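Single-structure report; data block below.
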Protein chains: 2
Amino acid sequence: MQHFRRLYLASFLLLTSFMYSCDTEKPNVNSENSASTSVEDPLPSWNQGQTKSAITTYVEMVTTSDSPDFIPIKDRIATFDNDGNLWSEQPAYFQLFFAIDRVKTMAADHPEWATEQPFKAVLENDMTELAKQGEHGLLQLVMATHAGNTTEEFKADVQEWIKTAIHPTKKVTYDKLVYQPMLELLQYLRAHDFKTYVVSGGGVDFMRAFVMEIYGIPEEQIIGSRIKTSFEYNNGSPVIKRLPEIEFIDDKEGKPLNIQKIIGKKPVFASGNSDGDLQMMEWTASNEQESFMLYLHHTDEEREWAYDRESHIGKLDQGLDQAIRDGWTVIDMKNDWKVIYPFEK
Amino acid sequence: MQHFRRLYLASFLLLTSFMYSCDTEKPNVNSENSASTSVEDPLPSWNQGQTKSAITTYVEMVTTSDSPDFIPIKDRIATFDNDGNLWSEQPAYFQLFFAIDRVKTMAADHPEWATEQPFKAVLENDMTELAKQGEHGLLQLVMATHAGNTTEEFKADVQEWIKTAIHPTKKVTYDKLVYQPMLELLQYLRAHDFKTYVVSGGGVDFMRAFVMEIYGIPEEQIIGSRIKTSFEYNNGSPVIKRLPEIEFIDDKEGKPLNIQKIIGKKPVFASGNSDGDLQMMEWTASNEQESFMLYLHHTDEEREWAYDRESHIGKLDQGLDQAIRDGWTVIDMKNDWKVIYPFEK
């Protein structure tokens, strides 16, 4: 039962997150960003107020060399959740849309899917039936679309998809749905020699296919959920094959565990938006060096979405209580952000 | 049987590798290095010859912007095996000596070890008896000395040990047994914007306790074998506990698999000294960008050790054949290196 629930979670998580832009030569959002950022204000899309000043006060404090709270550059590790924190996650994790679109693309090679669930439901756009397929159905979707190929083939699939896919309600490509204020925050931290990481429940290879261009974060600083892989030879050439089995879920306690495995030291700055980020926040808060915990609260029904304690996606309940109790910084999206998306500038 | 053999390998590997220097404020070998490196010759401890010129020709070729083989900075990933490649590994992996010394240190709290194998053999310095304890005995040693504590406690244990431990035959601390020419190579690559990684069969948390100071490589660029961990609370504070179970062996095909998981792209430069590095070499050789594969051949019985095809530690057999067949560069330690260790300068 526990195992089954884990698979369910796994499928949701693997069907999670990511972002964009495969045209590698075009200027990225990030560099456009830095160009438009005035010297006076590194965070122009943030309204003046407690949230913004908490961030800038912290950064100045820990990067000023004669400050008692000075943090050496090597320890300036900043970790960011992705879905609902660097880009939107409604009405479903964007990676789920990838899986659905992939099923449709792959259907020509799988005539049996016309009569086989959960594929039939996807092909008939029957979301009610798809929901009925539950955890097992979702896991089948993940494995059919995320495994069985090499890492290089999978990357090409994602890159092909991301060029054309359109968000179902916002009617723009998914890469447009990144948060402009967070792009500025990433850039601001890097300008102060922080090493910025994505630490997401989404699939790591999925994100790596296009994250560099939107966030300016290289592949080796993307941490996420993984399926198992094997090293094989294809006509004498080595390939890494993606196997239909979950290896690691990068959510809740998985986040600090993965941070320790891969980065090997505690972050000093952690940013997230859901209860799935709480353990990463606690781990960061336990750093002996002065650390900063930042929660994003989705409060803007008009420009984005408003949800927290009751949401099935990006539930923020315990995390919100703890943030309030421990004095962590909480972004009120509606009031703290001048714009949400870059195209609103 | 396969499983047992794996545990055996695991215990050897976990008992593998690492290095030093816990006095964090003292200038590191690396920076001493760069100070002593003349502007004219970035590799002063390397004799002129084919090996040295193959390295410098490659680096110039891929870092000159108008070269047809130019590699963008983001793709300049260089991976180095550790034991027998960046420092010595004879007469046994240095991490094994840590385990033995730890057993002696911990014995006061474990009176039962006086009569219990394999601990009894260690406490009595009876290496013949220890060898008889075989794979199961070694695994017990690993788990007793590497697990059951938190990541922070383990780090402190290693740092305490490394300050005082003396190599059994060279009679110097282990950090002295790093290869001066390889320190220069690491520095040379970084000066050309390569990101240098350690990718070792040794325990990752073990290496992280002191690698930064000798190699100038930060924790997040150390990849190695791992035991399982769990996220727990100790009086309300989050800790990561080390569990007595192998999670991942970073050797042979484990190296490219871990490189893909953690770095997410193929290296362009790979350096190793044993058959355990062969799959990493092949993976690097399959890079579409111009790549460089470098094997270190231990040929210097007088200044270091001479071993290859028949050695139990650092066996180089298939790898040597493939290097010769595929035209990879092979360092002949005796003839290519002016000095082996920094103290010989």
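Every chain in the structure tokens takes a letter, A first, then B, and so on in the order presented; its residues are numbered from 1, and the ligands are numbered from 1 following the presented order.
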
Cα RMSD of chain B after least-squares fit onto chain A, all atoms paired in order:
0.1 Å

Proximal residues of chain B relative to chain A (only C-alpha atoms; 9 Å) as a PyMOL selection string:
chain B and resi 74+151+204-205+208+218-223+226+229-232+237-240+253-254+256-257+260-265+279+282-283+286

Atoms to include: N, CA, C and O atoms. Write the selected residues as a CSV table (one decimal), in the first residue's frame.
chain,number,residue,atom,x,y,z
B,74,LYS,N,30.7,26.0,-21.2
B,74,LYS,CA,29.7,25.2,-20.4
B,74,LYS,C,29.9,23.7,-20.6
B,74,LYS,O,29.4,22.9,-19.8
B,151,THR,N,25.9,12.8,8.9
B,151,THR,CA,26.9,13.2,7.9
B,151,THR,C,27.9,14.2,8.6
B,151,THR,O,29.1,14.1,8.2
B,204,VAL,N,32.0,9.1,-1.3
B,204,VAL,CA,31.9,10.5,-1.6
B,204,VAL,C,32.0,11.4,-0.4
B,204,VAL,O,32.7,12.5,-0.4
B,205,ASP,N,31.4,11.0,0.7
B,205,ASP,CA,31.5,11.9,1.9
B,205,ASP,C,32.8,11.9,2.6
B,205,ASP,O,33.3,12.8,3.2
B,208,ARG,N,34.9,14.2,0.4
B,208,ARG,CA,34.5,15.6,0.6
B,208,ARG,C,35.0,16.3,1.9
B,208,ARG,O,35.1,17.5,2.0
B,218,PRO,N,35.7,21.8,-5.3
B,218,PRO,CA,34.6,22.0,-4.3
B,218,PRO,C,33.8,20.7,-4.1
B,218,PRO,O,33.7,19.8,-5.0
B,219,GLU,N,33.2,20.6,-2.9
B,219,GLU,CA,32.4,19.4,-2.6
B,219,GLU,C,31.4,19.0,-3.7
B,219,GLU,O,31.2,17.8,-3.9
B,220,GLU,N,30.8,19.9,-4.3
B,220,GLU,CA,29.8,19.6,-5.3
B,220,GLU,C,30.3,19.0,-6.6
B,220,GLU,O,29.6,18.6,-7.5
B,221,GLN,N,31.7,19.0,-6.7
B,221,GLN,CA,32.3,18.4,-7.9
B,221,GLN,C,33.0,17.1,-7.5
B,221,GLN,O,33.9,16.7,-8.2
B,222,ILE,N,32.6,16.5,-6.4
B,222,ILE,CA,33.2,15.2,-6.0
B,222,ILE,C,32.1,14.2,-6.1
B,222,ILE,O,31.0,14.3,-5.5
B,223,ILE,N,32.3,13.2,-6.9
B,223,ILE,CA,31.4,12.1,-7.2
B,223,ILE,C,32.0,10.8,-6.7
B,223,ILE,O,33.2,10.6,-7.0
B,226,ARG,N,28.4,5.7,-2.5
B,226,ARG,CA,27.6,6.2,-1.4
B,226,ARG,C,27.0,5.1,-0.6
B,226,ARG,O,26.6,4.0,-1.2
B,229,THR,N,21.2,6.9,3.1
B,229,THR,CA,21.0,7.9,4.2
B,229,THR,C,19.5,8.1,4.5
B,229,THR,O,18.7,7.7,3.6
B,230,SER,N,19.2,8.6,5.6
B,230,SER,CA,17.8,8.9,5.9
B,230,SER,C,17.8,10.3,6.6
B,230,SER,O,18.7,10.7,7.3
B,231,PHE,N,16.7,11.0,6.4
B,231,PHE,CA,16.5,12.3,6.9
B,231,PHE,C,15.7,12.2,8.2
B,231,PHE,O,14.6,11.6,8.2
B,232,GLU,N,16.2,12.6,9.3
B,232,GLU,CA,15.6,12.4,10.6
B,232,GLU,C,15.6,13.7,11.4
B,232,GLU,O,16.3,14.7,11.0
B,237,SER,N,15.9,19.1,15.4
B,237,SER,CA,16.8,19.6,14.4
B,237,SER,C,17.0,18.5,13.3
B,237,SER,O,17.2,17.4,13.6
B,238,PRO,N,16.9,18.9,12.0
B,238,PRO,CA,17.1,17.9,11.0
B,238,PRO,C,18.5,17.4,10.9
B,238,PRO,O,19.5,18.2,11.0
B,239,VAL,N,18.7,16.1,10.8
B,239,VAL,CA,20.0,15.5,10.5
B,239,VAL,C,19.9,14.5,9.4
B,239,VAL,O,18.8,14.0,9.2
B,240,ILE,N,21.0,14.2,8.8
B,240,ILE,CA,21.0,13.1,7.8
B,240,ILE,C,21.8,12.0,8.4
B,240,ILE,O,23.0,12.2,8.7
B,253,GLU,N,30.9,0.7,-15.0
B,253,GLU,CA,29.7,1.4,-15.6
B,253,GLU,C,29.0,2.3,-14.7
B,253,GLU,O,28.3,3.2,-15.1
B,254,GLY,N,29.3,2.2,-13.4
B,254,GLY,CA,28.7,3.1,-12.4
B,254,GLY,C,29.2,4.6,-12.7
B,254,GLY,O,28.6,5.5,-12.3
B,256,PRO,N,30.1,6.3,-15.7
B,256,PRO,CA,29.2,7.1,-16.6
B,256,PRO,C,27.8,7.2,-16.2
B,256,PRO,O,27.2,8.3,-16.4
B,257,LEU,N,27.2,6.2,-15.5
B,257,LEU,CA,25.9,6.4,-15.0
B,257,LEU,C,25.8,7.5,-14.0
B,257,LEU,O,24.9,8.4,-14.0
B,260,GLN,N,26.2,10.9,-15.7
B,260,GLN,CA,24.9,11.4,-16.3
B,260,GLN,C,23.9,11.8,-15.3
B,260,GLN,O,23.2,12.8,-15.5
B,261,LYS,N,23.8,11.1,-14.2
B,261,LYS,CA,22.8,11.5,-13.2
B,261,LYS,C,23.2,12.8,-12.5
B,261,LYS,O,22.3,13.7,-12.3
B,262,ILE,N,24.4,13.0,-12.3
B,262,ILE,CA,24.8,14.2,-11.5
B,262,ILE,C,25.2,15.4,-12.3
B,262,ILE,O,24.8,16.5,-12.0
B,263,ILE,N,26.0,15.2,-13.3
B,263,ILE,CA,26.5,16.3,-14.2
B,263,ILE,C,25.5,16.5,-15.3
B,263,ILE,O,25.2,17.6,-15.8
B,264,GLY,N,25.0,15.4,-15.9
B,264,GLY,CA,23.9,15.5,-16.9
B,264,GLY,C,24.5,15.7,-18.3
B,264,GLY,O,23.7,16.0,-19.2
B,265,LYS,N,25.8,15.7,-18.5
B,265,LYS,CA,26.3,15.8,-19.8
B,265,LYS,C,27.7,15.0,-19.9
B,265,LYS,O,28.3,14.8,-18.8
B,279,GLN,N,34.9,2.4,-18.7
B,279,GLN,CA,33.6,2.9,-19.2
B,279,GLN,C,33.5,4.4,-19.2
B,279,GLN,O,32.8,5.0,-20.0
B,282,GLU,N,35.3,5.4,-22.3
B,282,GLU,CA,34.5,5.1,-23.5
B,282,GLU,C,33.3,6.1,-23.6
B,282,GLU,O,33.0,6.6,-24.8
B,283,TRP,N,32.7,6.5,-22.5
B,283,TRP,CA,31.6,7.4,-22.5
B,283,TRP,C,32.1,8.8,-23.0
B,283,TRP,O,31.5,9.5,-23.8
B,286,SER,N,32.9,8.9,-26.7
B,286,SER,CA,31.7,8.9,-27.5
B,286,SER,C,31.1,10.3,-27.7
B,286,SER,O,30.1,10.5,-28.3

From a DSSP calculation on the backbone, collect every residue of stretch 56-113 of chain B in strand (DSSP E or B) and output the set as a list in words.
Ile77, Ala78, Thr79, Phe80, Asp83 and Trp87 of chain B

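Here atom CA of A:Asp326 is placed at a distance of 28.5 Å from atom CA of A:Ser225.
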
Might you pull out every residue within 7 Å of stretch 189-195 of chain B, with only C-alpha atoms counted and same-chain residues fewer than 4 positions away left off, and present them as a compact mmCIF listing (two decimals) with N, CA and C atoms, in the first residue's frame?
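Just written: out24.txt:
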# COMPACT_ATOMS: atom_id res chain seq x y z
N THR B 63 40.10 25.26 -26.92
CA THR B 63 39.78 26.50 -26.21
C THR B 63 40.11 27.74 -27.03
N ILE B 73 32.52 26.93 -23.06
CA ILE B 73 32.93 26.75 -21.67
C ILE B 73 31.98 25.84 -20.91
N ARG B 76 32.92 22.19 -21.02
CA ARG B 76 34.28 21.76 -20.67
C ARG B 76 34.29 21.03 -19.32
N ILE B 77 33.81 19.81 -19.35
CA ILE B 77 33.72 18.97 -18.15
C ILE B 77 34.89 17.98 -18.18
N ALA B 78 35.72 18.02 -17.14
CA ALA B 78 36.87 17.11 -17.03
C ALA B 78 36.70 16.24 -15.80
N LEU B 185 48.08 19.67 -13.76
CA LEU B 185 47.13 19.45 -14.85
C LEU B 185 45.74 19.97 -14.49
